Structures are given as C-alpha cells and as structure tokens.
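Peer 1: File coords05.txt follows (compact mmCIF, C-alpha atoms):
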# COMPACT_ATOMS: atom_id res chain seq x y z
CA MET A 1404 -15.65 5.58 3.74
CA GLY A 1405 -16.19 4.87 7.43
CA LYS A 1406 -16.48 7.34 10.25
CA GLY A 1407 -13.46 9.36 11.27
CA PRO A 1408 -10.37 10.58 9.40
CA GLY A 1409 -8.59 7.20 9.39
CA LEU A 1410 -4.82 6.91 9.80
CA TYR A 1411 -2.08 9.06 8.25
CA SER A 1412 -1.34 6.28 5.74
CA ASP A 1413 -4.88 6.73 4.38
CA ILE A 1414 -4.09 10.26 3.14
CA GLY A 1415 -3.89 10.03 -0.66
CA LYS A 1416 -4.34 6.23 -0.60
CA LYS A 1417 -7.20 6.12 -3.12
CA ALA A 1418 -5.15 7.99 -5.72
CA ARG A 1419 -2.04 5.86 -5.03
CA ASP A 1420 -4.03 2.64 -5.43
CA LEU A 1421 -5.55 3.85 -8.69
CA LEU A 1422 -2.17 4.89 -10.13
CA TYR A 1423 0.13 2.13 -8.84
CA LYS A 1424 -1.70 -0.87 -7.36
CA ASP A 1425 -1.68 -4.17 -9.34
CA TYR A 1426 0.79 -2.93 -11.97
CA GLN A 1427 3.29 -5.76 -12.33
CA ALA A 1428 6.53 -5.70 -14.33
CA ASP A 1429 7.51 -9.23 -13.26
CA HIS A 1430 5.85 -12.65 -13.28
CA LYS A 1431 4.06 -13.45 -10.01
CA PHE A 1432 2.17 -16.58 -8.96
CA THR A 1433 0.26 -16.89 -5.67
CA VAL A 1434 -1.67 -19.87 -4.31
CA THR A 1435 -3.65 -19.86 -1.06
CA THR A 1436 -5.05 -22.98 0.61
CA TYR A 1437 -6.82 -23.56 3.92
CA THR A 1438 -6.32 -26.40 6.39
CA SER A 1439 -9.17 -28.08 8.24
CA ASN A 1440 -8.50 -25.96 11.36
CA GLY A 1441 -8.65 -22.66 9.43
CA VAL A 1442 -4.96 -21.94 8.85
CA ALA A 1443 -4.37 -20.09 5.56
CA ILE A 1444 -1.19 -21.14 3.73
CA THR A 1445 -0.02 -18.87 0.91
CA SER A 1446 2.83 -19.70 -1.45
CA THR A 1447 4.24 -16.93 -3.65
CA GLY A 1448 6.77 -17.07 -6.47
CA ILE A 1449 8.14 -14.04 -8.36
CA LYS A 1450 10.40 -14.12 -11.41
CA LYS A 1451 12.43 -10.91 -11.76
CA GLY A 1452 14.46 -11.30 -14.92
CA GLU A 1453 16.72 -14.29 -14.22
CA LEU A 1454 16.10 -14.11 -10.46
CA LEU A 1455 13.46 -16.32 -8.84
CA LEU A 1456 12.11 -15.34 -5.41
CA ALA A 1457 9.66 -17.31 -3.31
CA ASP A 1458 8.07 -17.33 0.13
CA VAL A 1459 5.53 -19.28 2.14
CA SER A 1460 3.28 -17.64 4.72
CA THR A 1461 0.73 -18.96 7.19
CA GLU A 1462 -2.08 -17.03 8.82
CA LEU A 1463 -4.12 -18.16 11.81
CA LYS A 1464 -7.08 -16.23 13.19
CA ASN A 1465 -8.32 -16.94 16.71
CA ASN A 1466 -11.09 -14.62 17.86
CA ASN A 1467 -9.52 -11.14 17.65
CA ILE A 1468 -5.90 -12.35 17.36
CA THR A 1469 -4.26 -12.89 13.96
CA THR A 1470 -0.84 -14.53 13.68
CA ASN A 1471 1.09 -14.36 10.42
CA VAL A 1472 4.43 -16.11 9.82
CA LYS A 1473 6.35 -15.91 6.52
CA VAL A 1474 9.59 -17.60 5.44
CA ASP A 1475 11.41 -16.64 2.23
CA THR A 1476 14.12 -18.29 0.11
CA LYS A 1477 16.85 -16.62 2.19
CA SER A 1478 15.57 -18.46 5.30
CA THR A 1479 14.40 -15.17 6.79
CA LEU A 1480 11.37 -15.46 9.04
CA PHE A 1481 8.86 -12.61 9.37
CA ALA A 1482 6.31 -12.86 12.18
CA THR A 1483 3.41 -10.54 13.00
CA VAL A 1484 0.80 -10.85 15.75
CA THR A 1485 -2.20 -8.49 15.54
CA VAL A 1486 -4.69 -8.03 18.36
CA ASP A 1487 -7.80 -6.30 17.01
CA GLU A 1488 -10.01 -4.27 19.36
CA PRO A 1489 -8.57 -5.17 22.79
CA ALA A 1490 -10.39 -1.91 23.59
CA PRO A 1491 -12.82 0.02 21.36
CA GLY A 1492 -10.96 1.56 18.41
CA LEU A 1493 -7.59 0.07 19.42
CA LYS A 1494 -5.32 -2.31 17.52
CA THR A 1495 -2.00 -3.75 18.74
CA ILE A 1496 0.63 -5.14 16.36
CA PHE A 1497 3.79 -6.99 17.41
CA SER A 1498 6.34 -7.91 14.73
CA PHE A 1499 9.88 -9.24 14.43
CA ILE A 1500 12.29 -10.70 11.88
CA VAL A 1501 14.62 -13.66 12.46
CA PRO A 1502 17.65 -13.54 12.50
CA ASP A 1503 17.59 -9.73 12.84
CA GLN A 1504 17.69 -9.23 16.62
CA ARG A 1505 17.01 -5.49 16.33
CA SER A 1506 13.83 -5.87 14.27
CA GLY A 1507 11.29 -6.35 17.09
CA LYS A 1508 8.61 -3.65 17.12
CA VAL A 1509 5.35 -2.90 18.91
CA GLU A 1510 2.74 -0.71 17.24
CA LEU A 1511 -0.48 0.73 18.63
CA GLN A 1512 -3.24 2.08 16.41
CA TYR A 1513 -6.25 3.99 17.68
CA GLN A 1514 -9.10 5.26 15.54
CA HIS A 1515 -11.77 7.64 16.82
CA GLU A 1516 -14.55 9.62 15.21
CA TYR A 1517 -12.31 12.71 15.12
CA ALA A 1518 -8.77 11.29 15.30
CA GLY A 1519 -6.52 8.49 14.12
CA ILE A 1520 -3.22 7.72 15.87
CA SER A 1521 -0.48 5.20 15.15
CA THR A 1522 2.67 4.91 17.24
CA SER A 1523 5.43 2.30 17.30
CA ILE A 1524 8.72 1.69 19.07
CA GLY A 1525 11.52 -0.75 18.38
CA LEU A 1526 12.31 -3.38 20.98
CA ASN A 1527 16.04 -2.72 21.36
CA ALA A 1528 18.43 -0.53 23.34
CA ASN A 1529 18.32 2.41 20.89
CA PRO A 1530 14.91 2.14 19.25
CA LEU A 1531 13.41 3.98 16.34
CA VAL A 1532 10.23 5.70 17.52
CA ASN A 1533 7.43 6.43 15.04
CA PHE A 1534 4.35 8.55 15.55
CA SER A 1535 1.62 9.57 13.14
CA GLY A 1536 -1.61 11.32 13.93
CA VAL A 1537 -4.60 12.69 12.06
CA VAL A 1538 -7.35 14.95 13.39
CA GLY A 1539 -10.57 15.91 11.63
CA ASN A 1540 -13.53 13.93 10.34
CA ASN A 1541 -14.44 11.93 7.27
CA CYS A 1542 -14.55 15.14 5.19
CA VAL A 1543 -11.48 17.17 6.17
CA SER A 1544 -8.39 16.02 8.07
CA VAL A 1545 -4.83 17.14 8.77
CA GLY A 1546 -1.99 15.06 10.14
CA THR A 1547 1.71 14.45 10.64
CA ASP A 1548 4.09 11.49 10.40
CA LEU A 1549 7.33 11.51 12.45
CA SER A 1550 10.23 9.12 13.09
CA PHE A 1551 12.91 9.71 15.73
CA ASP A 1552 16.15 7.73 15.97
CA THR A 1553 17.13 7.58 19.64
CA ALA A 1554 20.62 6.33 18.72
CA SER A 1555 21.54 9.48 16.76
CA GLY A 1556 19.08 11.86 18.42
CA ASN A 1557 17.76 12.93 15.01
CA PHE A 1558 14.39 12.93 13.29
CA THR A 1559 14.60 10.58 10.30
CA LYS A 1560 11.13 11.46 9.02
CA LEU A 1561 9.12 14.69 9.19
CA ASN A 1562 5.98 14.61 7.05
CA ALA A 1563 2.68 16.46 7.10
CA GLY A 1564 -0.54 16.00 5.17
CA LEU A 1565 -3.97 17.43 4.42
CA ASN A 1566 -6.95 15.49 3.08
CA PHE A 1567 -10.31 16.63 1.71
CA THR A 1568 -13.09 14.17 0.92
CA HIS A 1569 -16.38 14.83 -0.85
CA SER A 1570 -19.01 12.35 -2.01
CA ASP A 1571 -17.18 11.48 -5.23
CA LEU A 1572 -13.73 13.06 -4.94
CA ILE A 1573 -10.68 13.04 -2.69
CA ALA A 1574 -7.92 15.68 -2.78
CA SER A 1575 -4.72 15.33 -0.77
CA LEU A 1576 -1.60 17.39 -0.14
CA THR A 1577 1.49 16.07 1.65
CA LEU A 1578 4.93 17.50 2.45
CA ASN A 1579 7.54 14.72 2.66
CA ASP A 1580 11.30 14.13 2.94
CA LYS A 1581 11.72 16.74 5.70
CA GLY A 1582 10.06 19.41 3.57
CA ASP A 1583 11.89 18.66 0.32
CA THR A 1584 9.04 16.97 -1.58
CA LEU A 1585 5.54 18.33 -2.12
CA ASN A 1586 2.93 15.84 -3.30
CA ALA A 1587 -0.60 16.68 -4.46
CA SER A 1588 -3.07 14.01 -5.52
CA TYR A 1589 -6.64 13.89 -6.80
CA TYR A 1590 -9.12 11.01 -7.08
CA HIS A 1591 -12.55 11.31 -8.67
CA ILE A 1592 -15.28 8.70 -9.08
CA VAL A 1593 -16.84 9.24 -12.50
CA SER A 1594 -19.34 6.37 -12.45
CA PRO A 1595 -19.91 4.09 -9.44
CA LEU A 1596 -21.90 1.63 -11.59
CA THR A 1597 -18.88 0.84 -13.80
CA ASN A 1598 -16.24 1.56 -11.12
CA THR A 1599 -14.91 4.30 -13.41
CA ALA A 1600 -12.50 6.70 -11.76
CA VAL A 1601 -9.72 9.11 -12.69
CA GLY A 1602 -6.75 10.21 -10.63
CA ALA A 1603 -3.65 12.35 -10.79
CA GLU A 1604 -0.52 12.88 -8.71
CA LEU A 1605 1.91 15.80 -8.95
CA THR A 1606 5.24 15.60 -7.13
CA HIS A 1607 7.65 18.53 -6.84
CA SER A 1608 11.19 18.23 -5.48
CA PHE A 1609 12.50 21.51 -4.08
CA SER A 1610 16.15 20.35 -4.07
CA SER A 1611 16.21 19.28 -7.74
CA ASN A 1612 13.35 21.54 -8.91
CA GLU A 1613 11.87 18.58 -10.79
CA ASN A 1614 8.17 17.88 -11.30
CA THR A 1615 6.55 14.51 -11.94
CA LEU A 1616 2.93 14.36 -13.08
CA THR A 1617 1.13 11.02 -13.31
CA ILE A 1618 -2.47 10.67 -14.50
CA GLY A 1619 -4.53 7.48 -14.62
CA THR A 1620 -7.95 5.94 -14.95
CA GLN A 1621 -9.79 2.70 -14.31
CA HIS A 1622 -13.00 1.20 -15.69
CA ALA A 1623 -14.89 -2.05 -15.16
CA LEU A 1624 -15.71 -3.70 -18.50
CA ASP A 1625 -18.02 -6.05 -16.60
CA PRO A 1626 -18.45 -7.05 -12.93
CA LEU A 1627 -15.40 -9.38 -13.18
CA THR A 1628 -13.03 -7.44 -15.48
CA THR A 1629 -11.25 -4.16 -14.81
CA VAL A 1630 -8.88 -2.16 -17.02
CA LYS A 1631 -6.48 0.55 -15.86
CA ALA A 1632 -4.11 2.95 -17.61
CA ARG A 1633 -1.64 5.63 -16.56
CA LEU A 1634 0.82 8.07 -18.13
CA ASN A 1635 3.43 10.42 -16.69
CA ASN A 1636 5.06 13.56 -18.06
CA TYR A 1637 8.25 11.66 -18.94
CA GLY A 1638 6.35 9.58 -21.51
CA ARG A 1639 6.11 6.40 -19.44
CA ALA A 1640 2.79 4.67 -20.22
CA SER A 1641 1.30 1.65 -18.46
CA GLY A 1642 -1.87 -0.37 -18.68
CA LEU A 1643 -3.39 -3.50 -17.22
CA ILE A 1644 -6.40 -5.76 -17.44
CA GLN A 1645 -7.50 -7.82 -14.43
CA HIS A 1646 -10.08 -10.59 -14.54
CA GLU A 1647 -11.64 -12.42 -11.60
CA TRP A 1648 -12.12 -15.77 -13.32
CA ARG A 1649 -13.43 -17.34 -10.12
CA PRO A 1650 -14.28 -15.84 -6.70
CA LYS A 1651 -11.14 -14.26 -5.14
CA SER A 1652 -8.93 -15.67 -7.93
CA LEU A 1653 -7.43 -13.01 -10.18
CA PHE A 1654 -5.46 -13.00 -13.43
CA THR A 1655 -3.67 -9.74 -14.26
CA ILE A 1656 -1.63 -8.81 -17.32
CA SER A 1657 0.09 -5.44 -17.41
CA GLY A 1658 2.38 -3.60 -19.77
CA ASP A 1659 4.77 -0.69 -19.41
CA VAL A 1660 6.50 1.24 -22.16
CA ASP A 1661 8.59 4.37 -22.62
CA THR A 1662 6.81 6.12 -25.47
CA ARG A 1663 10.07 7.85 -26.43
CA ALA A 1664 11.81 4.50 -27.00
CA ILE A 1665 9.05 1.96 -27.65
CA GLU A 1666 11.25 -0.50 -29.53
CA LYS A 1667 13.56 -1.26 -26.57
CA SER A 1668 11.68 -0.54 -23.38
CA ALA A 1669 8.43 -2.52 -23.41
CA LYS A 1670 7.79 -4.72 -20.36
CA VAL A 1671 4.99 -7.19 -19.77
CA GLY A 1672 4.03 -8.46 -16.34
CA LEU A 1673 1.80 -11.37 -15.35
CA ALA A 1674 0.17 -12.10 -12.00
CA LEU A 1675 -2.00 -15.08 -11.07
CA ALA A 1676 -3.61 -15.37 -7.64
CA LEU A 1677 -5.53 -18.55 -6.76
CA LYS A 1678 -7.82 -18.85 -3.74
CA PRO A 1679 -10.30 -21.62 -2.93
The structure in this file should be written as structure tokens.
Peer 2:
Amino acid sequence: MGKGPGLYSDIGKKARDLLYKDYQADHKFTVTTYTSNGVAITSTGIKKGELLLADVSTELKNNNITTNVKVDTKSTLFATVTVDEPAPGLKTIFSFIVPDQRSGKVELQYQHEYAGISTSIGLNANPLVNFSGVVGNNCVSVGTDLSFDTASGNFTKLNAGLNFTHSDLIASLTLNDKGDTLNASYYHIVSPLTNTAVGAELTHSFSSNENTLTIGTQHALDPLTTVKARLNNYGRASGLIQHEWRPKSLFTISGDVDTRAIEKSAKVGLALALKP
C-alpha cells in the first residue's frame, strides 16, 4: 500500500475484491488490440441468458492525458477524459454520456500523505454535488461520502467509514444508506508467497433487522492460476478458477449455487479476456 489513506472508495476495497471481483454468472468475452499509434481498442460481448450485450471502447494516452470513448449496442456513447497530475497529487476527470444532456460531470481527486479528497459536480442547471474525504495515514483513516441534490435540496447519500491497516490485515467499518446499513469487513493475508488470503463481510440493516455474512478465500495454485471461494449465511456458495494462459490474457470459470436447492439453482459463468 502506498503512502497516505487513499480515497474513500478504498475503504474496504481489498475485502470487496476478494469476495466479489471476477465472479461471473454470465458469459463474457473481451478482446483488446493496439493500433500503430498506441490507441487501445477493446471489444466486449456479454451473454445474459437470451440477451446479448456488446460495446467497443477506445483508449488513447498522450503524456498525462487519457481519453476513453465507449459505444454500446444501444448507440449510447460514454466519454471520459482524465488528466493525471496537473499538479502534485491531483487528478481531474471529465465525463459525459451522449445523448444524455444532463450527464456531464467534472471530478477532482487529490491525494496527500494525510488526506484523500474526491469532489464532483454535474454540468447542468441543477447539479448533483458529490464530496468524499478521508483523513489519516496508511495505518488508520476515517472518512465520509456525501451527495447533495441541488434540485431537491436534499442529501441523497450520507456515508461514513473507518479503516485500519496492519502489515497483513485490513479491517473496515462503514455506515451507509443514511445510517440504515452497517457494514464491517475484514481482509487477512495468510501467505504472500501463494497469494493466500481470507476475508469476511458482515452487513446489518437497521430497518429490516437482517444480517448478511459472507466469508471467502483465495489461493494461487501456481504463479498463473488462482482459485477463489465464498459462502454466505443464506447458503449461497460460489467458486472460481482463473488462469493466465498468456501475459495479460485470462480465462475464468465460476460457479454459483444455492446449497438449499442445488438441483435447480446452479449457475456457471465464463470469462475470456485476450490482450496482445
């Protein structure tokens, strides 16, 4: 982990990635190619049941400016321009969606040794204003995440979080949904040599008085193959195996089953990502 507390979105990220990242219930195929002038072109297709979704994105990097443009099957265009380090620790992100005229947004991120700040504002008459901030260091940090709708004059998001990091473990506590949901997560590196780690996430809803506990683990069988597994208190079990069959090209197969109704709930997902 680098210096400083990072951004608010980094709170609990290690546990979330362990428990949820790369699990795929659909069939996904991604191919990336590069033109002679350095433009990356990525084509993605996803099969969700009988529905087929696809998009094509291009990415161009010029010094500290990255431009990304994506078009999907609904002829919707997503564009993002990122300016990295116009000043030390600062990042500027401009994004918009066509044809949505209200989607334009400017975001500023600033990371310091003892603070991380991200703020954004919509580019329209009644914008949504977002602010998140974290103070602390790379061991202990506390932060908040707010969204204010200027059209209604109401806060649409009021979150707070606490993060503790030690050499081989990360513990996080967040209060979300305007104080209705309490989330506690834990991530522990068991063996760095085999990339073995365990994690857990407990979510409590005050309004429904329901608890959800998810535990998971990962382990590298060899330098190119990783297996992951997770289980929650409702009996939902998932597992995956991911193999890097060539540099940056990954094949992932994952399965998900309700252990209380195995015969009718099993799902298998496939993901193939090809890069030159």
Peer 1: Identify, on the basis of all atoms listed in the file, every residue whose closest approach to A:Thr1483 does not exceed 10 Å; exclude the query and any residue fewer than 3 positions from it along the same chain; express the result as a VMD selection string.
Peer 2: chain A and resid 1462 1469 to 1473 1496 to 1500 1507 to 1509
Peer 1: Store the residues of this selection in a file with C-alpha atoms, as a PDB file, in the frame of the given file.
Peer 2:
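Result file part.pdb:
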ATOM      1  CA  GLU A1462      -2.080 -17.030   8.820  1.00  0.00           C
ATOM      2  CA  THR A1469      -4.260 -12.890  13.960  1.00  0.00           C
ATOM      3  CA  THR A1470      -0.840 -14.530  13.680  1.00  0.00           C
ATOM      4  CA  ASN A1471       1.090 -14.360  10.420  1.00  0.00           C
ATOM      5  CA  VAL A1472       4.430 -16.110   9.820  1.00  0.00           C
ATOM      6  CA  LYS A1473       6.350 -15.910   6.520  1.00  0.00           C
ATOM      7  CA  ILE A1496       0.630  -5.140  16.360  1.00  0.00           C
ATOM      8  CA  PHE A1497       3.790  -6.990  17.410  1.00  0.00           C
ATOM      9  CA  SER A1498       6.340  -7.910  14.730  1.00  0.00           C
ATOM     10  CA  PHE A1499       9.880  -9.240  14.430  1.00  0.00           C
ATOM     11  CA  ILE A1500      12.290 -10.700  11.880  1.00  0.00           C
ATOM     12  CA  GLY A1507      11.290  -6.350  17.090  1.00  0.00           C
ATOM     13  CA  LYS A1508       8.610  -3.650  17.120  1.00  0.00           C
ATOM     14  CA  VAL A1509       5.350  -2.900  18.910  1.00  0.00           C
TER      15      VAL A1509
END
Peer 1: So how far away is atom CA of A:Thr1606 from atom CA of A:Ser1544, in Å?
Peer 2: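 Going from atom CA of A:Ser1544 over to atom CA of A:Thr1606 covers 20.4 Å.
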Peer 1: Could you name the residues that touch stretch 1566-1580 of chain A at 10 Å or less, counting only C-alpha atoms, but leaving out those on the same chain fewer than 5 positions away, as a PyMOL selection string?
Peer 2: chain A and resi 1404+1408+1411+1413-1418+1537+1539-1548+1559-1561+1585-1595+1600-1608
Peer 1: To one decimal in Å, tell me the separation between atom CA of A:Asn1533 and atom CA of A:Lys1477.
Peer 2: 28.0 Å
Peer 1: To one decimal place in Å, what is the distance between atom CA of A:Tyr1426 and atom CA of A:Lys1678?
Peer 2: 19.9 Å
Peer 1: My list of candidates is A:Asp1475, A:Asp1487, A:Glu1516, A:Asp1425. Which is closest to A:Gly1448 when distances are computed with only C-alpha atoms?
Peer 2: A:Asp1475
Peer 1: Calculated over only C-alpha atoms, which of the candidates A:Asn1527, A:Ser1412, A:Ser1439, A:Thr1584 has the smallest distance to A:Gln1512?
Peer 2: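 Of the candidates, the smallest distance to A:Gln1512 is held by A:Ser1412.
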Peer 1: Under the rule that all atoms listed in the file are counted, which of A:Ser1652, A:Thr1522, A:Thr1433, A:Gln1514 is the nearest residue to A:Val1538?
Peer 2: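 Ranking A:Ser1652, A:Thr1522, A:Thr1433, A:Gln1514 by distance to A:Val1538, first place goes to A:Gln1514.
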Peer 1: Identify, on the basis of all atoms listed in the file, every residue whose closest approach to A:Phe1654 does not exceed 6 Å; exclude the query and any residue fewer than 6 positions from it along the same chain; express the result as a PyMOL selection string.
Peer 2: chain A and resi 1645-1646+1674-1675
Peer 1: Can you work out which one of A:Thr1617, A:Ser1555, A:Asn1598, A:Gln1504 has the shortest atom-to-atom distance to A:Tyr1423, counting all atoms listed in the file?
Peer 2: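 The shortest atom-to-atom distance to A:Tyr1423 comes from A:Thr1617.
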Peer 1: Taking into account only C-alpha atoms, which residue in the set A:Ala1563, A:Leu1634, A:Ala1664, A:Ile1468 is nearest to A:Thr1495?
Peer 2: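 Ranking A:Ala1563, A:Leu1634, A:Ala1664, A:Ile1468 by distance to A:Thr1495, first place goes to A:Ile1468.
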Peer 1: When you look at A:Phe1432 with a cut-off of 10 Å (counting all atoms listed in the file), what residues show up, excluding the ones that are within fewer than 2 positions of it in the same chain? I need them as a list in words.
Peer 2: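 My list of contacting residues is His1430, Val1434, Ser1446, Thr1447, Gly1448, Ile1449, Lys1450, Ala1457, Phe1654, Leu1673, Ala1674, Leu1675, Ala1676 and Leu1677 of chain A.
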Peer 1: Give the answer as one residue: which of A:Glu1647, A:Asp1429, A:Glu1453, A:Asp1661 has the shortest atom-to-atom distance to A:Asn1635, using all atoms listed in the file?
Peer 2: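 Closest to A:Asn1635 of all the choices is A:Asp1661.
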Peer 1: Find the residues with any atom within 10 Å of (8.4, -5.6, -15.3); use only C-alpha atoms and the coordinates as given in the file, and write the answer as a PyMOL selection string.
Peer 2: chain A and resi 1426-1430+1450-1452+1657-1660+1669-1673
Peer 1: Near A:Thr1629, counting all atoms listed in the file, which residues have an atom at most 9 Å away, once you skip same-chain residues fewer than 2 positions from it, shown as a count of residues only?
Peer 2: 14
